[in-house]
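Here's the structure we're looking at; comments come further down.
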Amino acid sequence: MRVLYPDEIFIVNALADYVLLILTARVTGGGVKRVRVVLASVLGGAYSVLAALNGGFFASPVPALAAAVVMALTVFGGKKSFARRLFCFLGLSAAFGGILTAVGGGLGGGNMKLFAAAFLVSWAAFAFFLRGGAKSVALRRVEDIEIGLAGRKAKLRALIDTGNDLRDPVSGRRVIVTTADAVSSLFEPGAAALLKSGKDPVSLLPELSEKTGLCFSLVPYRSLGVESGLILCFRPDFVSGRSDLPLVGVAAGLNIEGGGYSAIGYC
């Protein structure tokens with residue numbers, strides 16, 4: 001039987017906890033701070049070492065559950081959806097543990113190659129779930145948001161969609177996608193008319209920058225009614241309810257009429 005060293009136990013379990021916490025955030029549609037995830041993973045790895053070396057009380061279900069709650073609080077604490085995220089984290093952890101037991105006999109089996117194989121199987125299974133089922137069953141909601149720019153304001157009804165992962169590749173900022181009509185009140189008539197013209201975003205970029213004095217940008221996307229393309233974005237002065245100031249993307253071909261909303265936001 002292969003001997004497991006504390007550093008090995010720590011690294012493997014901390015990595016597994018990191019992945020499970022990130023997956024929990026993705027499944028529940030919430031952003032998280034990576035530094036909190038790293039801290040929680042370190043706590044989880046340390047607890048695993050403690051349980052492996054001492055056994056007894058620390059290896060029993062109650063303290064293990066308490067450790068999971070502390071990890072979840074570290075990452076998701078203070079948010080309204082904490083209970084839902086906690087149960088999701090516990091569910092994913094249980095599923096992960098089941099796969100490890102089925103494929104590799106669990107960490108206690110001592111075969112780290114089988115453990116690594118089980119880890120990869122789990123990763124593939126969860127990734128498939130996230131790309132398929134998780135996005136289709138994720139709860140969606142519509143909320144009112146207000147966008148401000150140069151003293152002007154626009155009120156929008158936004159669909160908060162967990163499937164909107166659009167980001168500016170340069171700044172990393174998230175993107176709220178909307179239509180030209182929805183944000184036309186933020187611009188002078190000439191600039192608003194340009195936005196509504198339906199021209200190619202590349203040709204619009206210099207014209208709008210000249211007319212408004214704002215720094216517009218182009219963000220590539222993969223699926224907004226067509227397979228791929230560029231979306232024209234600007235940085236607002238504020239977006240209500242958002243501490244992380246996103247970009248606002250104006251998609252000429254976005255068809256959301258009849259849905260009861262005029263923008264697509266993100267969690």
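Order determines the names: the first chain of the structure tokens is A, the second B, and so forth; residues in each chain are numbered 1 upward, and ligands are numbered 1 upward as they are shown.
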Show which residues sit within 9 Å of Ala52 (chain A), as a PyMOL selection string. Count only C-alpha atoms, and ignore same-chain residues fewer than 4 positions away.
chain A and resi 6+9+47-48+58-59+108
Using C-alpha atoms, can you export the residues from the last selection as a compact mmCIF listing (two decimals), in the first residue's frame?
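The file below, result.txt, is the result:
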```txt
# COMPACT_ATOMS: atom_id res chain seq x y z
CA PRO A 6 0.71 15.31 4.22
CA ILE A 9 -2.91 15.04 0.66
CA TYR A 47 -8.63 20.05 7.13
CA SER A 48 -8.04 16.99 4.91
CA PHE A 58 -12.06 15.00 12.49
CA ALA A 59 -12.87 12.16 10.07
CA GLY A 108 -7.79 6.28 1.08
```
Using only C-alpha atoms, which protein or nucleic acid residues come within 10 Å of Gly190 (chain A)? Drop anything in the same chain fewer than 4 positions from it, and give the result as a ChimeraX atom specification.
/A:194-195,208,211-212
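Going from CA of Leu15 (chain A) over to CA of Ser41 (chain A), you cover 6.9 Å.
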Identify, on the basis of only C-alpha atoms, every residue whose closest approach to Ser184 (chain A) does not exceed 9 Å; exclude the query and any residue fewer than 5 positions from it along the same chain; express the result as an MDAnalysis selection string.
chainID A and resid 154 179 189 191:193 195:196
Restricted to N, CA, C and O atoms, what would the selected residues look like written as an mmCIF file, in the first residue's frame?
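Result saved to out_14.cif:
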```cif
data_model
loop_
_atom_site.group_PDB
_atom_site.id
_atom_site.type_symbol
_atom_site.label_atom_id
_atom_site.label_comp_id
_atom_site.auth_asym_id
_atom_site.auth_seq_id
_atom_site.Cartn_x
_atom_site.Cartn_y
_atom_site.Cartn_z
ATOM 1 N N ALA A 154 -30.543 55.901 -18.711
ATOM 2 C CA ALA A 154 -31.438 55.016 -19.462
ATOM 3 C C ALA A 154 -31.858 53.884 -18.544
ATOM 4 O O ALA A 154 -31.022 53.278 -17.886
ATOM 5 N N THR A 179 -29.886 46.778 -26.977
ATOM 6 C CA THR A 179 -30.147 47.269 -28.331
ATOM 7 C C THR A 179 -29.890 48.768 -28.402
ATOM 8 O O THR A 179 -29.846 49.459 -27.376
ATOM 9 N N PRO A 189 -28.708 63.160 -30.592
ATOM 10 C CA PRO A 189 -29.471 62.572 -31.703
ATOM 11 C C PRO A 189 -28.600 62.011 -32.826
ATOM 12 O O PRO A 189 -28.895 60.946 -33.372
ATOM 13 N N ALA A 191 -25.480 60.804 -32.706
ATOM 14 C CA ALA A 191 -24.826 59.572 -32.292
ATOM 15 C C ALA A 191 -25.842 58.440 -32.143
ATOM 16 O O ALA A 191 -25.575 57.289 -32.503
ATOM 17 N N ALA A 192 -27.038 58.776 -31.628
ATOM 18 C CA ALA A 192 -28.079 57.761 -31.481
ATOM 19 C C ALA A 192 -28.499 57.219 -32.845
ATOM 20 O O ALA A 192 -28.735 56.019 -32.999
ATOM 21 N N ALA A 193 -28.563 58.113 -33.839
ATOM 22 C CA ALA A 193 -28.936 57.681 -35.192
ATOM 23 C C ALA A 193 -27.877 56.752 -35.773
ATOM 24 O O ALA A 193 -28.206 55.784 -36.470
ATOM 25 N N LEU A 195 -25.962 54.722 -34.043
ATOM 26 C CA LEU A 195 -26.114 53.441 -33.371
ATOM 27 C C LEU A 195 -27.250 52.620 -33.979
ATOM 28 O O LEU A 195 -27.171 51.402 -34.097
ATOM 29 N N LYS A 196 -28.309 53.321 -34.366
ATOM 30 C CA LYS A 196 -29.483 52.633 -34.913
ATOM 31 C C LYS A 196 -29.352 52.316 -36.394
ATOM 32 O O LYS A 196 -30.215 51.635 -36.955
#
```
Need to verify the contact set: Ala251 (chain A), 8 Å, only C-alpha atoms, exclusion of same-chain residues closer than 3 positions in sequence. Can you return it as a ChimeraX atom specification?
/A:177-180,231-232,254
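For region 140-200 of chain A, the set of residues given strand (DSSP E or B) by DSSP on the backbone reads A:Arg141, A:Val142, A:Glu143, A:Asp144, A:Ile145, A:Glu146, A:Ile147, A:Gly148, A:Leu149, A:Arg152, A:Lys153, A:Ala154, A:Lys155, A:Leu156, A:Arg157, A:Ala158, A:Leu159, A:Ile160, A:Arg167, A:Arg174, A:Val175, A:Ile176, A:Val177, A:Thr178.
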Keeping only C-alpha atoms, write those residues as a compact mmCIF listing (two decimals), in the first residue's frame.
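And here is the file that came out, part.txt:
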```txt
# COMPACT_ATOMS: atom_id res chain seq x y z
CA ARG A 141 -34.89 36.54 -13.58
CA VAL A 142 -35.66 39.96 -15.00
CA GLU A 143 -34.68 43.08 -13.11
CA ASP A 144 -34.69 46.83 -13.70
CA ILE A 145 -31.30 48.45 -14.16
CA GLU A 146 -30.27 52.05 -14.79
CA ILE A 147 -27.30 53.07 -16.91
CA GLY A 148 -25.72 56.48 -16.61
CA LEU A 149 -23.48 58.25 -19.12
CA ARG A 152 -27.90 61.09 -19.02
CA LYS A 153 -29.71 57.97 -17.83
CA ALA A 154 -31.44 55.02 -19.46
CA LYS A 155 -33.67 52.53 -17.68
CA LEU A 156 -33.69 48.97 -18.98
CA ARG A 157 -35.37 45.69 -18.13
CA ALA A 158 -32.57 43.15 -18.14
CA LEU A 159 -32.73 39.38 -18.30
CA ILE A 160 -30.14 38.14 -15.82
CA ARG A 167 -16.13 39.72 -21.51
CA ARG A 174 -18.24 41.78 -18.20
CA VAL A 175 -20.63 42.99 -20.90
CA ILE A 176 -24.34 43.80 -20.62
CA VAL A 177 -25.85 43.34 -24.08
CA THR A 178 -28.66 45.58 -25.25
```
Write out as a PyMOL selection string each polymer residue whose atoms come within 10 Å of Arg36 (chain A), counting only C-alpha atoms; drop sequence neighbours fewer than 2 positions from it.
chain A and resi 18+21+32-34+38-42+71-76
Same residues, N, CA, C and O atoms, saved as a short mmCIF file (atom, residue, chain, number, x, y, z; two decimals), in the first residue's frame:
```
data_model
loop_
_atom_site.label_atom_id
_atom_site.label_comp_id
_atom_site.auth_asym_id
_atom_site.auth_seq_id
_atom_site.Cartn_x
_atom_site.Cartn_y
_atom_site.Cartn_z
N TYR A 18 -10.90 23.62 -4.82
CA TYR A 18 -10.89 24.79 -5.69
C TYR A 18 -11.82 24.58 -6.88
O TYR A 18 -12.65 25.44 -7.21
N LEU A 21 -15.55 24.55 -5.83
CA LEU A 21 -16.07 25.88 -5.50
C LEU A 21 -16.31 26.71 -6.76
O LEU A 21 -17.30 27.43 -6.86
N VAL A 32 -17.48 35.10 -8.19
CA VAL A 32 -16.75 34.97 -6.93
C VAL A 32 -15.37 35.59 -7.08
O VAL A 32 -14.86 35.74 -8.18
N LYS A 33 -14.79 35.95 -5.94
CA LYS A 33 -13.43 36.47 -5.94
C LYS A 33 -12.46 35.30 -5.81
O LYS A 33 -12.57 34.49 -4.89
N ARG A 34 -11.53 35.21 -6.76
CA ARG A 34 -10.61 34.07 -6.78
C ARG A 34 -9.80 33.96 -5.50
O ARG A 34 -9.48 32.86 -5.06
N VAL A 38 -9.29 30.59 -3.32
CA VAL A 38 -7.97 30.05 -2.96
C VAL A 38 -7.89 29.86 -1.44
O VAL A 38 -7.41 28.82 -0.95
N LEU A 39 -8.35 30.85 -0.68
CA LEU A 39 -8.32 30.76 0.77
C LEU A 39 -9.15 29.58 1.27
O LEU A 39 -8.70 28.79 2.12
N ALA A 40 -10.35 29.42 0.72
CA ALA A 40 -11.22 28.31 1.12
C ALA A 40 -10.59 26.97 0.75
O ALA A 40 -10.70 25.99 1.50
N SER A 41 -9.93 26.92 -0.39
CA SER A 41 -9.28 25.68 -0.82
C SER A 41 -8.13 25.31 0.11
O SER A 41 -7.92 24.14 0.42
N VAL A 42 -7.40 26.31 0.54
CA VAL A 42 -6.31 26.08 1.50
C VAL A 42 -6.88 25.53 2.81
O VAL A 42 -6.33 24.59 3.41
N MET A 71 -15.94 26.71 4.45
CA MET A 71 -15.40 26.97 3.12
C MET A 71 -16.41 27.74 2.27
O MET A 71 -16.05 28.72 1.58
N ALA A 72 -17.68 27.31 2.32
CA ALA A 72 -18.72 27.99 1.55
C ALA A 72 -18.92 29.43 2.04
O ALA A 72 -19.11 30.35 1.24
N LEU A 73 -18.86 29.62 3.36
CA LEU A 73 -18.98 30.98 3.91
C LEU A 73 -17.83 31.86 3.45
O LEU A 73 -18.02 33.05 3.18
N THR A 74 -16.65 31.30 3.38
CA THR A 74 -15.48 32.05 2.94
C THR A 74 -15.66 32.59 1.53
O THR A 74 -15.28 33.72 1.21
N VAL A 75 -16.29 31.79 0.67
CA VAL A 75 -16.44 32.18 -0.74
C VAL A 75 -17.76 32.91 -1.00
O VAL A 75 -17.79 33.93 -1.67
N PHE A 76 -18.85 32.38 -0.43
CA PHE A 76 -20.19 32.89 -0.79
C PHE A 76 -20.88 33.63 0.34
O PHE A 76 -22.02 34.06 0.18
#
```
For Pro220 (chain A), the nearest of the candidates A:Asp7, A:Asp17, A:Asp181, A:Asp165, counting only C-alpha atoms
A:Asp165
